[in-house]
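upload20.pdb (PDB, C-alpha atoms) appears below.
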ATOM      1  CA  MET A 250     121.211 120.895  56.403  1.00  0.00           C
ATOM      2  CA  LYS A 251     119.451 118.333  58.590  1.00  0.00           C
ATOM      3  CA  ARG A 252     118.700 119.071  62.244  1.00  0.00           C
ATOM      4  CA  VAL A 253     119.806 116.323  64.580  1.00  0.00           C
ATOM      5  CA  ILE A 254     118.145 116.056  67.989  1.00  0.00           C
ATOM      6  CA  PRO A 255     120.132 114.041  70.510  1.00  0.00           C
ATOM      7  CA  VAL A 256     118.433 110.870  71.761  1.00  0.00           C
ATOM      8  CA  LEU A 257     118.625 112.048  75.393  1.00  0.00           C
ATOM      9  CA  ALA A 258     116.786 115.271  74.555  1.00  0.00           C
ATOM     10  CA  VAL A 259     114.001 113.312  72.821  1.00  0.00           C
ATOM     11  CA  SER A 260     113.779 110.901  75.771  1.00  0.00           C
ATOM     12  CA  ALA A 261     113.540 113.793  78.225  1.00  0.00           C
ATOM     13  CA  LEU A 262     110.754 115.388  76.171  1.00  0.00           C
ATOM     14  CA  MET A 263     108.847 112.111  75.977  1.00  0.00           C
ATOM     15  CA  LEU A 264     109.159 111.474  79.718  1.00  0.00           C
ATOM     16  CA  GLY A 265     108.412 115.030  80.827  1.00  0.00           C
ATOM     17  CA  GLY A 266     105.303 115.069  82.973  1.00  0.00           C
ATOM     18  CA  CYS A 267     105.175 111.284  83.331  1.00  0.00           C
ATOM     19  CA  ALA A 268     104.888 109.801  86.771  1.00  0.00           C
ATOM     20  CA  MET A 269     106.394 106.427  87.521  1.00  0.00           C
ATOM     21  CA  GLU A 270     103.994 104.054  89.191  1.00  0.00           C
ATOM     22  CA  MET A 271     105.094 101.004  91.108  1.00  0.00           C
ATOM     23  CA  PRO A 272     102.509  98.257  91.636  1.00  0.00           C
ATOM     24  CA  GLY A 273     101.642  97.747  95.275  1.00  0.00           C
ATOM     25  CA  VAL A 274     103.487 100.843  96.491  1.00  0.00           C
ATOM     26  CA  THR A 275     101.606 103.904  97.648  1.00  0.00           C
ATOM     27  CA  ALA A 276     102.771 107.230  99.050  1.00  0.00           C
ATOM     28  CA  GLY A 277     103.673 107.023 102.684  1.00  0.00           C
ATOM     29  CA  GLU A 278     104.839 103.412 102.783  1.00  0.00           C
ATOM     30  CA  SER A 279     108.246 104.510 104.047  1.00  0.00           C
ATOM     31  CA  GLY A 280     107.542 103.092 107.478  1.00  0.00           C
ATOM     32  CA  ALA A 281     105.650 106.130 108.745  1.00  0.00           C
ATOM     33  CA  GLN A 282     103.060 105.177 111.341  1.00  0.00           C
ATOM     34  CA  HIS A 283     100.841 108.174 110.684  1.00  0.00           C
ATOM     35  CA  PRO A 284      98.344 108.951 107.927  1.00  0.00           C
ATOM     36  CA  LEU A 285      99.331 111.181 105.052  1.00  0.00           C
ATOM     37  CA  ALA A 286      99.040 114.950 105.531  1.00  0.00           C
ATOM     38  CA  PRO A 287      96.514 116.972 103.498  1.00  0.00           C
ATOM     39  CA  PRO A 288      97.472 118.091  99.961  1.00  0.00           C
ATOM     40  CA  VAL A 289      99.934 120.980  99.630  1.00  0.00           C
ATOM     41  CA  PRO A 290      97.869 124.155 100.184  1.00  0.00           C
ATOM     42  CA  GLN A 291      98.039 127.274  98.028  1.00  0.00           C
ATOM     43  CA  ASN A 292      99.489 129.886 100.342  1.00  0.00           C
ATOM     44  CA  VAL A 293     100.924 133.278  99.419  1.00  0.00           C
ATOM     45  CA  ARG A 294     102.451 134.358 102.758  1.00  0.00           C
ATOM     46  CA  ALA A 295     106.023 135.580 102.677  1.00  0.00           C
ATOM     47  CA  HIS A 296     108.807 133.041 103.047  1.00  0.00           C
ATOM     48  CA  ALA A 297     110.501 135.388 105.538  1.00  0.00           C
ATOM     49  CA  LEU A 298     107.522 134.959 107.891  1.00  0.00           C
ATOM     50  CA  TRP A 299     107.730 131.164 107.618  1.00  0.00           C
ATOM     51  CA  GLN A 300     111.444 131.264 108.351  1.00  0.00           C
ATOM     52  CA  LYS A 301     110.791 133.415 111.422  1.00  0.00           C
ATOM     53  CA  GLN A 302     108.030 131.050 112.617  1.00  0.00           C
ATOM     54  CA  THR A 303     109.955 127.789 112.084  1.00  0.00           C
ATOM     55  CA  GLY A 304     113.669 128.539 111.878  1.00  0.00           C
ATOM     56  CA  ILE A 305     113.808 126.577 108.601  1.00  0.00           C
ATOM     57  CA  ASN A 306     115.242 128.555 105.684  1.00  0.00           C
ATOM     58  CA  GLY A 307     112.245 130.190 103.990  1.00  0.00           C
ATOM     59  CA  ASP A 308     113.235 129.226 100.447  1.00  0.00           C
ATOM     60  CA  SER A 309     112.709 125.560 101.329  1.00  0.00           C
ATOM     61  CA  ILE A 310     109.195 125.999 102.742  1.00  0.00           C
ATOM     62  CA  ALA A 311     106.376 125.482 100.246  1.00  0.00           C
ATOM     63  CA  ALA A 312     103.602 126.374 102.696  1.00  0.00           C
ATOM     64  CA  ILE A 313     102.380 126.245 106.260  1.00  0.00           C
ATOM     65  CA  GLY A 314      98.806 125.008 106.473  1.00  0.00           C
ATOM     66  CA  GLY A 315      96.279 124.107 109.111  1.00  0.00           C
ATOM     67  CA  ASP A 316      95.665 126.250 112.180  1.00  0.00           C
ATOM     68  CA  THR A 317      97.285 127.057 115.524  1.00  0.00           C
ATOM     69  CA  SER A 318      96.292 123.677 116.996  1.00  0.00           C
ATOM     70  CA  GLN A 319      97.141 121.361 114.077  1.00  0.00           C
ATOM     71  CA  ALA A 320      99.617 122.799 111.567  1.00  0.00           C
ATOM     72  CA  TYR A 321     101.495 121.344 108.605  1.00  0.00           C
ATOM     73  CA  ILE A 322     104.899 122.577 107.438  1.00  0.00           C
ATOM     74  CA  TYR A 323     105.387 121.624 103.767  1.00  0.00           C
ATOM     75  CA  TYR A 324     109.071 121.760 102.851  1.00  0.00           C
ATOM     76  CA  ASP A 325     111.725 120.630 100.364  1.00  0.00           C
ATOM     77  CA  PRO A 326     113.893 118.126 102.262  1.00  0.00           C
ATOM     78  CA  ILE A 327     116.862 118.646  99.954  1.00  0.00           C
ATOM     79  CA  VAL A 328     117.020 122.436 100.384  1.00  0.00           C
ATOM     80  CA  ALA A 329     115.913 122.626 104.034  1.00  0.00           C
ATOM     81  CA  ASN A 330     118.495 123.288 106.731  1.00  0.00           C
ATOM     82  CA  GLN A 331     118.587 119.848 108.369  1.00  0.00           C
ATOM     83  CA  ALA A 332     119.700 121.225 111.730  1.00  0.00           C
ATOM     84  CA  ALA A 333     116.633 123.494 111.879  1.00  0.00           C
ATOM     85  CA  LEU A 334     114.075 120.759 111.091  1.00  0.00           C
ATOM     86  CA  ALA A 335     114.147 119.147 114.547  1.00  0.00           C
ATOM     87  CA  ALA A 336     113.459 122.433 116.346  1.00  0.00           C
ATOM     88  CA  ALA A 337     110.850 123.685 113.841  1.00  0.00           C
ATOM     89  CA  PRO A 338     107.703 122.179 115.469  1.00  0.00           C
ATOM     90  CA  ALA A 339     108.390 123.718 118.907  1.00  0.00           C
ATOM     91  CA  LYS A 340     109.374 127.027 117.306  1.00  0.00           C
ATOM     92  CA  LEU A 341     106.151 127.105 115.243  1.00  0.00           C
ATOM     93  CA  CYS A 342     104.008 126.407 118.327  1.00  0.00           C
ATOM     94  CA  ALA A 343     105.863 129.130 120.249  1.00  0.00           C
ATOM     95  CA  SER A 344     105.096 131.579 117.416  1.00  0.00           C
ATOM     96  CA  TYR A 345     101.406 130.775 118.068  1.00  0.00           C
ATOM     97  CA  GLY A 346     101.856 131.301 121.817  1.00  0.00           C
ATOM     98  CA  LYS A 347     101.424 127.568 122.488  1.00  0.00           C
ATOM     99  CA  GLN A 348     103.449 124.524 123.565  1.00  0.00           C
ATOM    100  CA  LEU A 349     104.374 121.613 121.311  1.00  0.00           C
ATOM    101  CA  ALA A 350     102.196 118.552 122.001  1.00  0.00           C
ATOM    102  CA  SER A 351     103.540 116.282 119.232  1.00  0.00           C
ATOM    103  CA  SER A 352     104.976 116.227 115.720  1.00  0.00           C
ATOM    104  CA  TYR A 353     105.933 113.749 113.017  1.00  0.00           C
ATOM    105  CA  THR A 354     107.203 113.846 109.450  1.00  0.00           C
ATOM    106  CA  THR A 355     105.142 112.360 106.615  1.00  0.00           C
ATOM    107  CA  LEU A 356     104.282 112.853 102.932  1.00  0.00           C
ATOM    108  CA  PRO A 357     101.551 115.086 101.462  1.00  0.00           C
ATOM    109  CA  GLN A 358      98.299 113.333 100.558  1.00  0.00           C
ATOM    110  CA  ASP A 359      98.469 114.538  96.951  1.00  0.00           C
ATOM    111  CA  GLY A 360     101.886 112.901  96.495  1.00  0.00           C
ATOM    112  CA  GLU A 361     103.575 116.164  95.515  1.00  0.00           C
ATOM    113  CA  PRO A 362     107.091 115.067  94.509  1.00  0.00           C
ATOM    114  CA  GLY A 363     110.024 116.542  96.403  1.00  0.00           C
ATOM    115  CA  VAL A 364     107.902 117.676  99.350  1.00  0.00           C
ATOM    116  CA  LYS A 365     107.755 116.364 102.909  1.00  0.00           C
ATOM    117  CA  VAL A 366     105.437 117.490 105.685  1.00  0.00           C
ATOM    118  CA  ILE A 367     105.964 118.017 109.384  1.00  0.00           C
ATOM    119  CA  ALA A 368     102.593 117.594 111.113  1.00  0.00           C
ATOM    120  CA  VAL A 369     102.585 119.712 114.287  1.00  0.00           C
ATOM    121  CA  THR A 370     100.088 119.585 117.155  1.00  0.00           C
ATOM    122  CA  CYS A 371     100.203 122.506 119.578  1.00  0.00           C
ATOM    123  CA  HIS A 372      98.297 122.970 122.873  1.00  0.00           C
TER
END

Is it possible to express this structure as structure tokens?
Amino acid sequence: MKRVIPVLAVSALMLGGCAMEMPGVTAGESGAQHPLAPPVPQNVRAHALWQKQTGINGDSIAAIGGDTSQAYIYYDPIVANQAALAAAPAKLCASYGKQLASSYTTLPQDGEPGVKVIAVTCH
């Protein structure tokens, strides 16, 4: 008996791991006026802590990097609670005992797919 592999399965296997490149388009050209954030850091802190610090559901946060003056919240924009995103920068600064100076949303420098970054400056 012959084994038949569906065409879609073969296509998926062939495309797995491939990245689509578009000439002339680089990460961050979505109209953002700020430079790209650093690459997604390796961070093993508990998601419950991140949720407490930001108010964003912990399962959507990939990492929180930087320090108490300049922090980066790496998150999955599809899974993140959209209502919590706007308040997250001020909540993170408050968890550091500081006030929010500024924040903006951008993309990670390493182009990690499915991740956005909120750059937060506290004072």

Q.
Set the distance at 7 Å and use only C-alpha atoms: which residues neighbour segment 359-372 of chain A once local chain neighbours fewer than 3 positions away are removed? I'd like the list as an MDAnalysis selection string.
A. chainID A and resid 276 286 288 317:326 338 342 347:356

Convert the current residue selection to file output with C-alpha atoms, as a PDB file, in the frame of the given file.
ATOM      1  CA  ALA A 276     102.771 107.230  99.050  1.00  0.00           C
ATOM      2  CA  ALA A 286      99.040 114.950 105.531  1.00  0.00           C
ATOM      3  CA  PRO A 288      97.472 118.091  99.961  1.00  0.00           C
ATOM      4  CA  THR A 317      97.285 127.057 115.524  1.00  0.00           C
ATOM      5  CA  SER A 318      96.292 123.677 116.996  1.00  0.00           C
ATOM      6  CA  GLN A 319      97.141 121.361 114.077  1.00  0.00           C
ATOM      7  CA  ALA A 320      99.617 122.799 111.567  1.00  0.00           C
ATOM      8  CA  TYR A 321     101.495 121.344 108.605  1.00  0.00           C
ATOM      9  CA  ILE A 322     104.899 122.577 107.438  1.00  0.00           C
ATOM     10  CA  TYR A 323     105.387 121.624 103.767  1.00  0.00           C
ATOM     11  CA  TYR A 324     109.071 121.760 102.851  1.00  0.00           C
ATOM     12  CA  ASP A 325     111.725 120.630 100.364  1.00  0.00           C
ATOM     13  CA  PRO A 326     113.893 118.126 102.262  1.00  0.00           C
ATOM     14  CA  PRO A 338     107.703 122.179 115.469  1.00  0.00           C
ATOM     15  CA  CYS A 342     104.008 126.407 118.327  1.00  0.00           C
ATOM     16  CA  LYS A 347     101.424 127.568 122.488  1.00  0.00           C
ATOM     17  CA  GLN A 348     103.449 124.524 123.565  1.00  0.00           C
ATOM     18  CA  LEU A 349     104.374 121.613 121.311  1.00  0.00           C
ATOM     19  CA  ALA A 350     102.196 118.552 122.001  1.00  0.00           C
ATOM     20  CA  SER A 351     103.540 116.282 119.232  1.00  0.00           C
ATOM     21  CA  SER A 352     104.976 116.227 115.720  1.00  0.00           C
ATOM     22  CA  TYR A 353     105.933 113.749 113.017  1.00  0.00           C
ATOM     23  CA  THR A 354     107.203 113.846 109.450  1.00  0.00           C
ATOM     24  CA  THR A 355     105.142 112.360 106.615  1.00  0.00           C
ATOM     25  CA  LEU A 356     104.282 112.853 102.932  1.00  0.00           C
TER      26      LEU A 356
END

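The spacing separating atom CA of Leu341 of chain A from atom CA of Ala312 of chain A amounts to 12.8 Å.
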
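Neighbouring residues of Trp299 of chain A at 10 Å or closer, counting all atoms listed in the file and skipping chain neighbours under 3 positions away, are Arg294, Ala295, His296, Gln302, Thr303, Gly304, Ile305, Asn306, Gly307, Asp308, Ser309, Ile310, Ala311, Ala312, Ile313, Ile322 and Leu341 of chain A.
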
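Interatomic distance, atom CA of Ala333 of chain A to atom CA of Pro357 of chain A: 20.2 Å.
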
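Taking atom CA of Leu285 of chain A as the reference point, atom CA of Gln358 of chain A is found at 5.1 Å.
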